[in-house]
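Text of the file coords_2.pdb, holding PDB, C-alpha atoms:
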ATOM      1  CA  MET A 248      91.903  38.945  75.770
ATOM      2  CA  PRO A 249      89.383  39.730  73.036
ATOM      3  CA  ALA A 250      85.735  39.820  74.121
ATOM      4  CA  GLU A 251      84.994  36.614  72.232
ATOM      5  CA  GLY A 252      87.826  34.789  74.009
ATOM      6  CA  LEU A 253      90.435  32.541  72.423
ATOM      7  CA  ASP A 254      90.196  29.021  71.045
ATOM      8  CA  TRP A 255      90.959  26.256  73.545
ATOM      9  CA  LEU A 256      93.814  23.935  72.655
ATOM     10  CA  PRO A 257      92.739  20.439  71.584
ATOM     11  CA  GLY A 258      93.009  18.065  74.542
ATOM     12  CA  ASP A 259      95.717  15.898  72.986
ATOM     13  CA  ASP A 260      97.927  18.951  72.438
ATOM     14  CA  VAL A 261      98.026  19.826  76.141
ATOM     15  CA  LEU A 262     100.625  18.172  78.356
ATOM     16  CA  SER A 263      99.248  15.727  80.899
ATOM     17  CA  ASP A 264      99.872  16.230  84.609
ATOM     18  CA  ASP A 265     102.521  13.492  84.547
ATOM     19  CA  GLU A 266     104.234  15.030  81.510
ATOM     20  CA  ILE A 267     104.350  18.440  83.198
ATOM     21  CA  LEU A 268     105.853  16.924  86.335
ATOM     22  CA  ARG A 269     108.467  15.026  84.364
ATOM     23  CA  LEU A 270     109.580  18.193  82.590
ATOM     24  CA  ILE A 271     109.694  20.112  85.866
ATOM     25  CA  ASP A 272     111.782  17.308  87.354
ATOM     26  CA  ILE A 273     114.223  17.505  84.426
ATOM     27  CA  ALA A 274     114.435  21.299  84.786
ATOM     28  CA  THR A 275     115.115  21.205  88.524
ATOM     29  CA  SER A 276     117.355  18.148  88.718
ATOM     30  CA  ARG A 277     119.398  18.637  85.523
ATOM     31  CA  LEU A 278     119.170  22.282  84.460
ATOM     32  CA  GLY A 279     119.527  24.221  87.696
ATOM     33  CA  VAL A 280     115.995  25.629  87.815
ATOM     34  CA  LYS A 281     115.268  26.744  91.383
ATOM     35  CA  GLU A 282     111.845  28.365  91.036
ATOM     36  CA  VAL A 283     108.740  27.087  89.260
ATOM     37  CA  ARG A 284     105.891  29.497  88.589
ATOM     38  CA  PHE A 285     102.481  28.371  87.381
ATOM     39  CA  THR A 286     100.835  31.017  85.256
ATOM     40  CA  GLY A 287      98.630  31.379  82.232
ATOM     41  CA  GLY A 288      96.136  32.084  80.874
ATOM     42  CA  GLU A 289      94.705  31.175  84.223
ATOM     43  CA  PRO A 290      96.278  28.289  86.155
ATOM     44  CA  LEU A 291      93.241  27.812  88.422
ATOM     45  CA  VAL A 292      91.230  26.429  85.484
ATOM     46  CA  ARG A 293      93.624  23.460  85.329
ATOM     47  CA  ARG A 294      91.797  20.546  86.970
ATOM     48  CA  GLY A 295      94.962  18.876  88.217
ATOM     49  CA  LEU A 296      96.690  21.997  89.519
ATOM     50  CA  VAL A 297      96.721  20.983  93.202
ATOM     51  CA  ASP A 298      98.187  17.568  92.298
ATOM     52  CA  ILE A 299     100.795  19.189  90.046
ATOM     53  CA  VAL A 300     101.821  21.542  92.851
ATOM     54  CA  ALA A 301     102.031  18.621  95.275
ATOM     55  CA  GLY A 302     104.152  16.643  92.820
ATOM     56  CA  THR A 303     106.455  19.608  92.299
ATOM     57  CA  SER A 304     106.802  20.077  96.047
ATOM     58  CA  ALA A 305     107.871  16.439  96.408
ATOM     59  CA  LEU A 306     110.783  16.791  93.978
ATOM     60  CA  THR A 307     114.412  16.702  95.069
ATOM     61  CA  PRO A 308     115.775  19.321  95.004
ATOM     62  CA  ARG A 309     112.517  21.054  95.884
ATOM     63  CA  PRO A 310     112.059  24.293  93.935
ATOM     64  CA  GLU A 311     110.344  27.423  95.215
ATOM     65  CA  ILE A 312     106.777  27.228  93.904
ATOM     66  CA  SER A 313     104.712  30.274  93.022
ATOM     67  CA  MET A 314     101.658  31.116  90.946
ATOM     68  CA  THR A 315     100.327  34.107  89.024
ATOM     69  CA  THR A 316      96.528  34.197  88.923
ATOM     70  CA  ASN A 317      93.526  36.449  88.371
ATOM     71  CA  ALA A 318      92.325  35.122  91.774
ATOM     72  CA  LEU A 319      88.722  34.614  90.659
ATOM     73  CA  GLY A 320      88.794  31.076  92.054
ATOM     74  CA  LEU A 321      91.502  31.559  94.639
ATOM     75  CA  SER A 322      89.257  31.811  97.694
ATOM     76  CA  ARG A 323      88.123  28.209  97.048
ATOM     77  CA  ASN A 324      91.611  26.852  96.401
ATOM     78  CA  ALA A 325      94.125  28.834  98.463
ATOM     79  CA  ARG A 326      94.214  26.469 101.432
ATOM     80  CA  ALA A 327      94.472  23.326  99.287
ATOM     81  CA  LEU A 328      97.271  24.858  97.237
ATOM     82  CA  ALA A 329      99.164  25.926 100.363
ATOM     83  CA  ASP A 330      98.778  22.431 101.816
ATOM     84  CA  ALA A 331     100.065  20.986  98.526
ATOM     85  CA  GLY A 332     103.228  23.084  98.773
ATOM     86  CA  LEU A 333     102.559  26.365  96.963
ATOM     87  CA  ASP A 334     104.778  29.029  98.536
ATOM     88  CA  ARG A 335     103.324  32.321  97.311
ATOM     89  CA  VAL A 336     101.042  34.001  94.791
ATOM     90  CA  ASN A 337     100.979  37.034  92.519
ATOM     91  CA  VAL A 338      97.504  38.352  91.738
ATOM     92  CA  SER A 339      96.783  40.402  88.634
ATOM     93  CA  LEU A 340      94.650  43.386  89.658
ATOM     94  CA  ASP A 341      94.710  46.680  87.757
ATOM     95  CA  THR A 342      92.166  48.668  89.778
ATOM     96  CA  ILE A 343      90.132  48.651  92.975
ATOM     97  CA  ARG A 344      87.243  50.550  91.390
ATOM     98  CA  PRO A 345      84.390  48.147  90.505
ATOM     99  CA  LYS A 346      83.392  50.056  87.363
ATOM    100  CA  THR A 347      86.949  50.150  86.022
ATOM    101  CA  PHE A 348      87.465  46.500  86.926
ATOM    102  CA  ALA A 349      84.388  45.522  84.906
ATOM    103  CA  GLU A 350      85.587  47.640  81.972
ATOM    104  CA  ILE A 351      89.031  45.993  81.913
ATOM    105  CA  THR A 352      88.040  42.387  82.644
ATOM    106  CA  ARG A 353      84.491  42.308  81.227
ATOM    107  CA  ARG A 354      83.444  40.785  84.545
ATOM    108  CA  ASP A 355      81.785  42.416  87.551
ATOM    109  CA  ARG A 356      83.774  40.233  89.955
ATOM    110  CA  LEU A 357      86.092  42.510  91.894
ATOM    111  CA  PRO A 358      84.767  41.133  95.232
ATOM    112  CA  ASP A 359      85.867  37.627  94.183
ATOM    113  CA  VAL A 360      89.415  38.846  93.538
ATOM    114  CA  VAL A 361      89.524  40.644  96.888
ATOM    115  CA  ALA A 362      88.260  37.479  98.583
ATOM    116  CA  GLY A 363      90.973  35.487  96.814
ATOM    117  CA  LEU A 364      93.647  37.863  98.047
ATOM    118  CA  ARG A 365      92.381  37.563 101.617
ATOM    119  CA  ALA A 366      92.290  33.765 101.348
ATOM    120  CA  ALA A 367      95.858  33.646 100.031
ATOM    121  CA  GLN A 368      97.054  35.783 102.892
ATOM    122  CA  ALA A 369      95.179  33.646 105.446
ATOM    123  CA  ALA A 370      96.672  30.475 103.934
ATOM    124  CA  GLY A 371     100.207  31.817 104.355
ATOM    125  CA  LEU A 372     100.891  32.259 100.643
ATOM    126  CA  GLY A 373     102.979  35.338 101.233
ATOM    127  CA  PRO A 374     104.238  37.768 100.590
ATOM    128  CA  VAL A 375     101.085  38.231  98.509
ATOM    129  CA  LYS A 376     101.976  40.367  95.512
ATOM    130  CA  VAL A 377      99.646  42.366  93.281
ATOM    131  CA  ASN A 378     100.546  42.995  89.636
ATOM    132  CA  ALA A 379      98.979  46.059  88.013
ATOM    133  CA  VAL A 380      99.137  47.397  84.455
ATOM    134  CA  LEU A 381      98.131  51.007  83.855
ATOM    135  CA  LEU A 382      96.184  51.567  80.642
ATOM    136  CA  ARG A 383      96.033  54.981  79.015
ATOM    137  CA  GLY A 384      92.659  56.633  79.559
ATOM    138  CA  ILE A 385      91.280  53.745  81.628
ATOM    139  CA  ASN A 386      93.112  53.452  84.955
ATOM    140  CA  ASP A 387      96.193  55.645  84.492
ATOM    141  CA  ASP A 388      94.918  58.035  87.165
ATOM    142  CA  GLN A 389      94.662  55.330  89.830
ATOM    143  CA  ALA A 390      98.265  54.468  90.712
ATOM    144  CA  PRO A 391      98.396  56.291  94.089
ATOM    145  CA  GLU A 392      95.076  54.892  95.334
ATOM    146  CA  LEU A 393      96.075  51.380  94.322
ATOM    147  CA  LEU A 394      99.332  51.726  96.246
ATOM    148  CA  ARG A 395      97.552  53.089  99.331
ATOM    149  CA  TRP A 396      95.118  50.176  99.197
ATOM    150  CA  ALA A 397      97.909  47.597  98.812
ATOM    151  CA  ILE A 398      99.824  49.045 101.770
ATOM    152  CA  GLU A 399      96.663  49.094 103.896
ATOM    153  CA  HIS A 400      96.146  45.375 103.263
ATOM    154  CA  SER A 401      99.850  44.385 103.448
ATOM    155  CA  TYR A 402     100.106  43.382  99.787
ATOM    156  CA  GLU A 403     103.252  44.085  97.754
ATOM    157  CA  LEU A 404     102.333  46.079  94.668
ATOM    158  CA  ARG A 405     104.159  45.826  91.353
ATOM    159  CA  PHE A 406     103.355  48.094  88.404
ATOM    160  CA  ILE A 407     104.140  46.533  85.018
ATOM    161  CA  GLU A 408     104.528  48.419  81.755
ATOM    162  CA  GLN A 409     102.030  47.223  79.184
ATOM    163  CA  MET A 410     103.773  44.825  76.799
ATOM    164  CA  PRO A 411     103.117  44.054  73.103
ATOM    165  CA  LEU A 412     101.437  40.732  73.831
ATOM    166  CA  ASP A 413      97.756  41.515  73.314
ATOM    167  CA  ALA A 414      95.683  39.161  71.165
ATOM    168  CA  GLN A 415      94.485  42.041  68.971
ATOM    169  CA  HIS A 416      98.047  43.203  68.194
ATOM    170  CA  GLY A 417      96.909  46.741  68.953
ATOM    171  CA  TRP A 418      99.787  47.704  71.275
ATOM    172  CA  ARG A 419     101.446  51.041  70.503
ATOM    173  CA  ARG A 420     104.586  52.299  72.211
ATOM    174  CA  ASP A 421     103.330  55.888  72.285
ATOM    175  CA  GLU A 422     100.110  54.815  74.041
ATOM    176  CA  MET A 423     101.854  52.871  76.805
ATOM    177  CA  VAL A 424     102.076  54.315  80.337
ATOM    178  CA  THR A 425     105.828  54.337  80.991
ATOM    179  CA  ALA A 426     107.784  53.708  84.166
ATOM    180  CA  ASP A 427     108.769  57.387  84.277
ATOM    181  CA  GLU A 428     105.097  58.363  84.254
ATOM    182  CA  ILE A 429     104.331  55.837  87.000
ATOM    183  CA  PHE A 430     107.118  57.244  89.175
ATOM    184  CA  ALA A 431     105.898  60.787  88.581
ATOM    185  CA  MET A 432     102.355  59.889  89.641
ATOM    186  CA  LEU A 433     103.475  58.083  92.773
ATOM    187  CA  GLU A 434     105.987  60.736  93.822
ATOM    188  CA  ARG A 435     103.259  63.359  93.982
ATOM    189  CA  GLU A 436     101.956  61.556  97.072
ATOM    190  CA  PHE A 437     104.763  59.307  98.329
ATOM    191  CA  VAL A 438     108.495  59.452  98.962
ATOM    192  CA  LEU A 439     110.146  56.612  97.039
ATOM    193  CA  THR A 440     113.637  55.458  97.989
ATOM    194  CA  PRO A 441     115.505  52.877  95.883
ATOM    195  CA  ALA A 442     115.984  49.562  97.645
ATOM    196  CA  SER A 443     119.412  49.075  99.150
ATOM    197  CA  GLU A 444     119.738  45.443  98.089
ATOM    198  CA  PRO A 445     120.858  44.667  94.532
ATOM    199  CA  ARG A 446     118.107  43.759  92.088
ATOM    200  CA  GLY A 447     119.881  40.727  90.672
ATOM    201  CA  SER A 448     117.766  38.875  88.104
ATOM    202  CA  ALA A 449     114.451  40.066  89.558
ATOM    203  CA  PRO A 450     112.333  41.958  87.007
ATOM    204  CA  ALA A 451     111.090  44.627  89.425
ATOM    205  CA  GLU A 452     112.942  47.738  90.531
ATOM    206  CA  LEU A 453     112.032  48.022  94.223
ATOM    207  CA  PHE A 454     111.479  51.191  96.245
ATOM    208  CA  SER A 455     110.598  51.735  99.890
ATOM    209  CA  VAL A 456     107.515  53.900 100.379
ATOM    210  CA  ASP A 457     107.729  56.819 102.852
ATOM    211  CA  GLY A 458     110.723  55.242 104.530
ATOM    212  CA  GLY A 459     109.275  51.715 104.666
ATOM    213  CA  PRO A 460     108.625  49.030 105.574
ATOM    214  CA  ALA A 461     106.164  49.063 102.659
ATOM    215  CA  THR A 462     107.634  48.736  99.180
ATOM    216  CA  VAL A 463     106.480  49.187  95.611
ATOM    217  CA  GLY A 464     108.034  47.736  92.482
ATOM    218  CA  VAL A 465     108.056  48.791  88.846
ATOM    219  CA  ILE A 466     108.692  46.291  86.063
ATOM    220  CA  ALA A 467     109.766  48.409  83.109
ATOM    221  CA  SER A 468     110.193  45.688  80.496
ATOM    222  CA  ILE A 469     109.920  48.162  77.632
ATOM    223  CA  THR A 470     111.641  51.400  78.680
ATOM    224  CA  ARG A 471     114.211  49.918  81.080
ATOM    225  CA  PRO A 472     114.811  46.388  79.754
ATOM    226  CA  PHE A 473     116.654  43.929  81.988
ATOM    227  CA  CYS A 474     117.293  41.284  79.329
ATOM    228  CA  GLY A 475     120.950  40.917  80.277
ATOM    229  CA  ASP A 476     120.000  39.687  83.748
ATOM    230  CA  CYS A 477     116.982  37.600  82.761
ATOM    231  CA  ASP A 478     117.254  33.949  83.823
ATOM    232  CA  ARG A 479     113.723  32.781  82.982
ATOM    233  CA  VAL A 480     112.426  30.266  80.480
ATOM    234  CA  ARG A 481     108.826  29.420  79.667
ATOM    235  CA  LEU A 482     107.182  26.060  79.051
ATOM    236  CA  THR A 483     103.773  26.385  77.409
ATOM    237  CA  ALA A 484     100.784  24.171  78.149
ATOM    238  CA  ASP A 485     101.383  22.342  74.869
ATOM    239  CA  GLY A 486     105.013  21.573  75.636
ATOM    240  CA  GLN A 487     106.871  24.322  73.778
ATOM    241  CA  VAL A 488     109.911  26.136  75.176
ATOM    242  CA  ARG A 489     110.064  29.907  74.783
ATOM    243  CA  ASN A 490     113.428  31.411  75.703
ATOM    244  CA  CYS A 491     111.967  34.929  75.829
ATOM    245  CA  LEU A 492     108.502  36.301  76.436
ATOM    246  CA  PHE A 493     108.782  38.116  73.093
ATOM    247  CA  ALA A 494     110.273  35.222  71.115
ATOM    248  CA  ARG A 495     108.697  34.369  67.782
ATOM    249  CA  GLU A 496     110.234  30.892  67.768
ATOM    250  CA  GLU A 497     109.447  27.924  70.007
ATOM    251  CA  SER A 498     111.174  24.603  70.608
ATOM    252  CA  ASP A 499     109.123  21.436  70.876
ATOM    253  CA  LEU A 500     109.615  19.187  73.911
ATOM    254  CA  ARG A 501     106.251  17.442  73.715
ATOM    255  CA  THR A 502     107.092  15.335  70.658
ATOM    256  CA  PRO A 503     110.368  13.857  71.953
ATOM    257  CA  LEU A 504     108.750  13.389  75.360
ATOM    258  CA  ARG A 505     105.997  11.292  73.810
ATOM    259  CA  ASP A 506     108.379   9.522  71.444
ATOM    260  CA  GLY A 507     110.307   8.011  74.343
ATOM    261  CA  ALA A 508     113.300  10.355  74.656
ATOM    262  CA  SER A 509     115.334   9.944  77.829
ATOM    263  CA  ASP A 510     115.581  12.650  80.493
ATOM    264  CA  ALA A 511     119.128  13.389  79.335
ATOM    265  CA  GLU A 512     118.003  13.809  75.719
ATOM    266  CA  ILE A 513     115.172  16.140  76.709
ATOM    267  CA  ALA A 514     117.541  18.166  78.866
ATOM    268  CA  GLU A 515     119.886  18.587  75.893
ATOM    269  CA  ARG A 516     117.005  19.750  73.715
ATOM    270  CA  TRP A 517     116.027  22.252  76.411
ATOM    271  CA  ILE A 518     119.588  23.582  76.591
ATOM    272  CA  ALA A 519     119.656  23.903  72.808
ATOM    273  CA  ALA A 520     116.383  25.855  72.944
ATOM    274  CA  VAL A 521     117.793  28.367  75.435
ATOM    275  CA  ARG A 522     121.246  28.719  73.864
ATOM    276  CA  PRO A 523     120.189  31.079  71.016
ATOM    277  CA  LYS A 524     118.371  33.445  73.405
ATOM    278  CA  ARG A 525     118.889  36.962  72.063
ATOM    279  CA  PRO A 526     120.622  39.652  74.139
ATOM    280  CA  GLY A 527     117.539  41.872  73.999
ATOM    281  CA  HIS A 528     113.895  41.837  72.955
ATOM    282  CA  GLY A 529     114.401  44.497  70.262
ATOM    283  CA  ILE A 530     111.068  46.255  70.805
ATOM    284  CA  ASP A 531     112.659  49.585  69.842
ATOM    285  CA  ASP A 532     113.947  48.140  66.564
ATOM    286  CA  PRO A 533     111.778  48.984  63.519
ATOM    287  CA  SER A 534     111.978  45.313  62.511
ATOM    288  CA  PHE A 535     110.372  44.096  65.760
ATOM    289  CA  LEU A 536     107.376  41.848  65.195
ATOM    290  CA  GLN A 537     104.936  40.995  67.961
ATOM    291  CA  PRO A 538     104.778  37.271  68.805
ATOM    292  CA  SER A 539     101.805  35.478  67.307
ATOM    293  CA  ARG A 540     100.834  34.005  70.677
ATOM    294  CA  PRO A 541      99.283  36.533  73.069
ATOM    295  CA  MET A 542     100.152  36.663  76.761
ATOM    296  CA  SER A 543      97.159  34.513  77.685
ATOM    297  CA  ALA A 544      98.595  31.664  75.595
ATOM    298  CA  ILE A 545     102.221  32.089  76.664
ATOM    299  CA  GLY A 546     102.276  32.499  80.429
ATOM    300  CA  GLY A 547     103.494  35.782  81.863
TER     301      GLY A 547
END
Serialized structure, structure tokens:
Amino acid sequence: MPAEGLDWLPGDDVLSDDEILRLIDIATSRLGVKEVRFTGGEPLVRRGLVDIVAGTSALTPRPEISMTTNALGLSRNARALADAGLDRVNVSLDTIRPKTFAEITRRDRLPDVVAGLRAAQAAGLGPVKVNAVLLRGINDDQAPELLRWAIEHSYELRFIEQMPLDAQHGWRRDEMVTADEIFAMLEREFVLTPASEPRGSAPAELFSVDGGPATVGVIASITRPFCGDCDRVRLTADGQVRNCLFAREESDLRTPLRDGASDAEIAERWIAAVRPKRPGHGIDDPSFLQPSRPMSAIGG
């Protein structure tokens, strides 16, 4: 995010807790959705998050419920979220060096994130996963130490290629740390063996570390796209459907929801929104344009 932050959505634009739960119910009961992930932005700033998780957990069929968070407030909320029905968490953490953490996040709060990770683990929100993005010239020398730290604390580490979803639109392909570079750095210190189980629709390529049981994953959205196996759809906080993280178009569910559309009608609109999903994100195409919404306004 830019240093000055981003504008908050007007309150009326944001879906209410009940509206979110109704859309989740439609997705799980009518559209075959089996996993619901709360992300952001930062889901822990949502006042009604625990109630939303509890409502999702009470649905039939009950989906798997996960959350991606920066963990700054997780130590205060992990137990309540677990009791409400949250199954597991992914924590975004790009470094374990306090100085680098402050440079990346503009906050000197690494101890709060570490405390959040410990609280998630103690609450049974596992396996606790850590998502890390390597940035050229900032933390691109820290991959091995981050993996050693994750293994020491029994967290599952996932490296993610930096994606063109920054608010400043400053992403450059030639400045991105690639999956091949990540593998090269890790293999100087570890023996990586591809996982024996098929990847399926999961975004991460998994590898056992030094014969296991520890694993590490690499999500190479840019250099090794997995669009053909992707089965995800995103619902934004203001009720828009995005059929791809890199989509430039959105489909409005909030208006029909508030205009009295039936569950069946909303489901049909949702299907229509997903139907034109492109076979690939096209980042390598010269005509590719970065989405206007940054990651913090989409939900990763």
Under the PyMOL selection byres ((chain A and resi 479) around 8), which residues of this model are included? Write them out as a ChimeraX atom specification.
/A:477-478,480-481,490-491
Restrict the selected residues to C-alpha atoms and save them as an mmCIF file, in the coordinates of the input.
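Result file is again13.cif:
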data_model
loop_
_atom_site.group_PDB
_atom_site.id
_atom_site.type_symbol
_atom_site.label_atom_id
_atom_site.label_comp_id
_atom_site.auth_asym_id
_atom_site.auth_seq_id
_atom_site.Cartn_x
_atom_site.Cartn_y
_atom_site.Cartn_z
ATOM 1 C CA CYS A 477 116.982 37.600 82.761
ATOM 2 C CA ASP A 478 117.254 33.949 83.823
ATOM 3 C CA VAL A 480 112.426 30.266 80.480
ATOM 4 C CA ARG A 481 108.826 29.420 79.667
ATOM 5 C CA ASN A 490 113.428 31.411 75.703
ATOM 6 C CA CYS A 491 111.967 34.929 75.829
#
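Counting all atoms listed in the file and comparing A:Ile513, A:Val465, A:Ala367, A:Val336, the residue that lies closest to Val488 in chain A is A:Ile513.
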What separation in Å, quoted to one decimal, exists between CA of Arg356 in chain A and CA of Ile343 in chain A?
11.0 Å
Counting all atoms listed in the file, which residue out of A:Asp485, A:Pro290, A:Phe454, A:Ser304 sits closest to Thr502 in chain A?
A:Asp485
For this file, the PyMOL selection byres ((chain A and resi 526) around 8) selects which residues, as a PyMOL selection string?
chain A and resi 474-475+524-525+527-528
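Considering all atoms listed in the file, the residue among A:Ile469, A:Ala431, A:Ala349, A:Ala390 positioned nearest to Glu408 in chain A is A:Ile469.
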Please measure the separation of CA of Asn324 in chain A and CA of Ile466 in chain A, giving the value in Å to one decimal.
27.9 Å
Starting from the displayed file, determine the output of the PyMOL selection byres ((chain A and resi 453) around 8) and express the residue list as a count of residues only.
11
As a PyMOL selection string, please: the residues near Thr425 in chain A (cut-off 8 Å, all atoms listed in the file, same-chain neighbours under 3 positions excluded).
chain A and resi 408+428-429+467+470
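When all atoms listed in the file are used to measure the gap to Leu306 in chain A, the shortest distance among A:Thr275, A:Ser509, A:Thr440, A:Thr347 belongs to A:Thr275.
The shortest atom-to-atom distance to Gly288 in chain A, with all atoms listed in the file taken into account, belongs to A:Thr483 out of A:Ala325, A:Arg419, A:Thr483, A:Asp259.
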Which one of A:Ile267, A:Ala362, A:Ser339, A:Pro374 sits closest to Glu289 in chain A if you count all atoms listed in the file?
A:Ser339
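Note that CA of Thr342 in chain A and CA of Val292 in chain A are 22.7 Å apart.
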Mind checking which residues fall within 12 Å of Gly295 in chain A, counting all atoms listed in the file, ignoring those fewer than 5 positions away in the same chain, and posting them as a PDB file with C-alpha atoms, keeping the file's coordinate frame?
ATOM      1  CA  LEU A 262     100.625  18.172  78.356  1.00  0.00           C
ATOM      2  CA  SER A 263      99.248  15.727  80.899  1.00  0.00           C
ATOM      3  CA  ASP A 264      99.872  16.230  84.609  1.00  0.00           C
ATOM      4  CA  ASP A 265     102.521  13.492  84.547  1.00  0.00           C
ATOM      5  CA  ILE A 267     104.350  18.440  83.198  1.00  0.00           C
ATOM      6  CA  LEU A 268     105.853  16.924  86.335  1.00  0.00           C
ATOM      7  CA  PRO A 290      96.278  28.289  86.155  1.00  0.00           C
ATOM      8  CA  VAL A 300     101.821  21.542  92.851  1.00  0.00           C
ATOM      9  CA  ALA A 301     102.031  18.621  95.275  1.00  0.00           C
ATOM     10  CA  GLY A 302     104.152  16.643  92.820  1.00  0.00           C
ATOM     11  CA  ASN A 324      91.611  26.852  96.401  1.00  0.00           C
ATOM     12  CA  ALA A 327      94.472  23.326  99.287  1.00  0.00           C
ATOM     13  CA  LEU A 328      97.271  24.858  97.237  1.00  0.00           C
ATOM     14  CA  ALA A 331     100.065  20.986  98.526  1.00  0.00           C
TER      15      ALA A 331
END
Could you add whatever atoms are missing so that range 509-526 of chain A carries N, CA and C atoms, then write the result as a tab-separated table (two decimals), keeping the file's coordinate frame?
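Everything below was put into out22.tsv:
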chain	number	residue	atom	x	y	z
A	509	SER	N	114.89	10.04	76.44
A	509	SER	CA	115.33	9.94	77.83
A	509	SER	C	115.36	11.34	78.46
A	510	ASP	N	115.47	11.37	79.79
A	510	ASP	CA	115.58	12.65	80.49
A	510	ASP	C	116.80	13.43	80.01
A	511	ALA	N	117.90	12.73	79.79
A	511	ALA	CA	119.13	13.39	79.33
A	511	ALA	C	118.93	14.01	77.95
A	512	GLU	N	118.24	13.29	77.07
A	512	GLU	CA	118.00	13.81	75.72
A	512	GLU	C	117.09	15.04	75.76
A	513	ILE	N	116.07	14.98	76.60
A	513	ILE	CA	115.17	16.14	76.71
A	513	ILE	C	115.91	17.34	77.30
A	514	ALA	N	116.75	17.09	78.28
A	514	ALA	CA	117.54	18.17	78.87
A	514	ALA	C	118.42	18.83	77.81
A	515	GLU	N	119.04	18.03	76.96
A	515	GLU	CA	119.89	18.59	75.89
A	515	GLU	C	119.07	19.43	74.91
A	516	ARG	N	117.87	18.97	74.60
A	516	ARG	CA	117.00	19.75	73.72
A	516	ARG	C	116.62	21.08	74.37
A	517	TRP	N	116.40	21.03	75.67
A	517	TRP	CA	116.03	22.25	76.41
A	517	TRP	C	117.19	23.24	76.41
A	518	ILE	N	118.40	22.73	76.64
A	518	ILE	CA	119.59	23.58	76.59
A	518	ILE	C	119.74	24.21	75.21
A	519	ALA	N	119.54	23.39	74.18
A	519	ALA	CA	119.66	23.90	72.81
A	519	ALA	C	118.61	24.97	72.52
A	520	ALA	N	117.44	24.86	73.15
A	520	ALA	CA	116.38	25.86	72.94
A	520	ALA	C	116.74	27.19	73.58
A	521	VAL	N	117.45	27.14	74.71
A	521	VAL	CA	117.79	28.37	75.44
A	521	VAL	C	119.05	29.02	74.87
A	522	ARG	N	119.94	28.21	74.30
A	522	ARG	CA	121.25	28.72	73.86
A	522	ARG	C	121.15	29.91	72.91
A	523	PRO	N	120.23	29.93	71.94
A	523	PRO	CA	120.19	31.08	71.02
A	523	PRO	C	119.40	32.27	71.53
A	524	LYS	N	119.11	32.31	72.82
A	524	LYS	CA	118.37	33.44	73.40
A	524	LYS	C	119.06	34.75	73.03
A	525	ARG	N	118.32	35.70	72.53
A	525	ARG	CA	118.89	36.96	72.06
A	525	ARG	C	119.25	37.86	73.25
A	526	PRO	N	120.19	38.78	73.04
A	526	PRO	CA	120.62	39.65	74.14
A	526	PRO	C	119.58	40.70	74.53
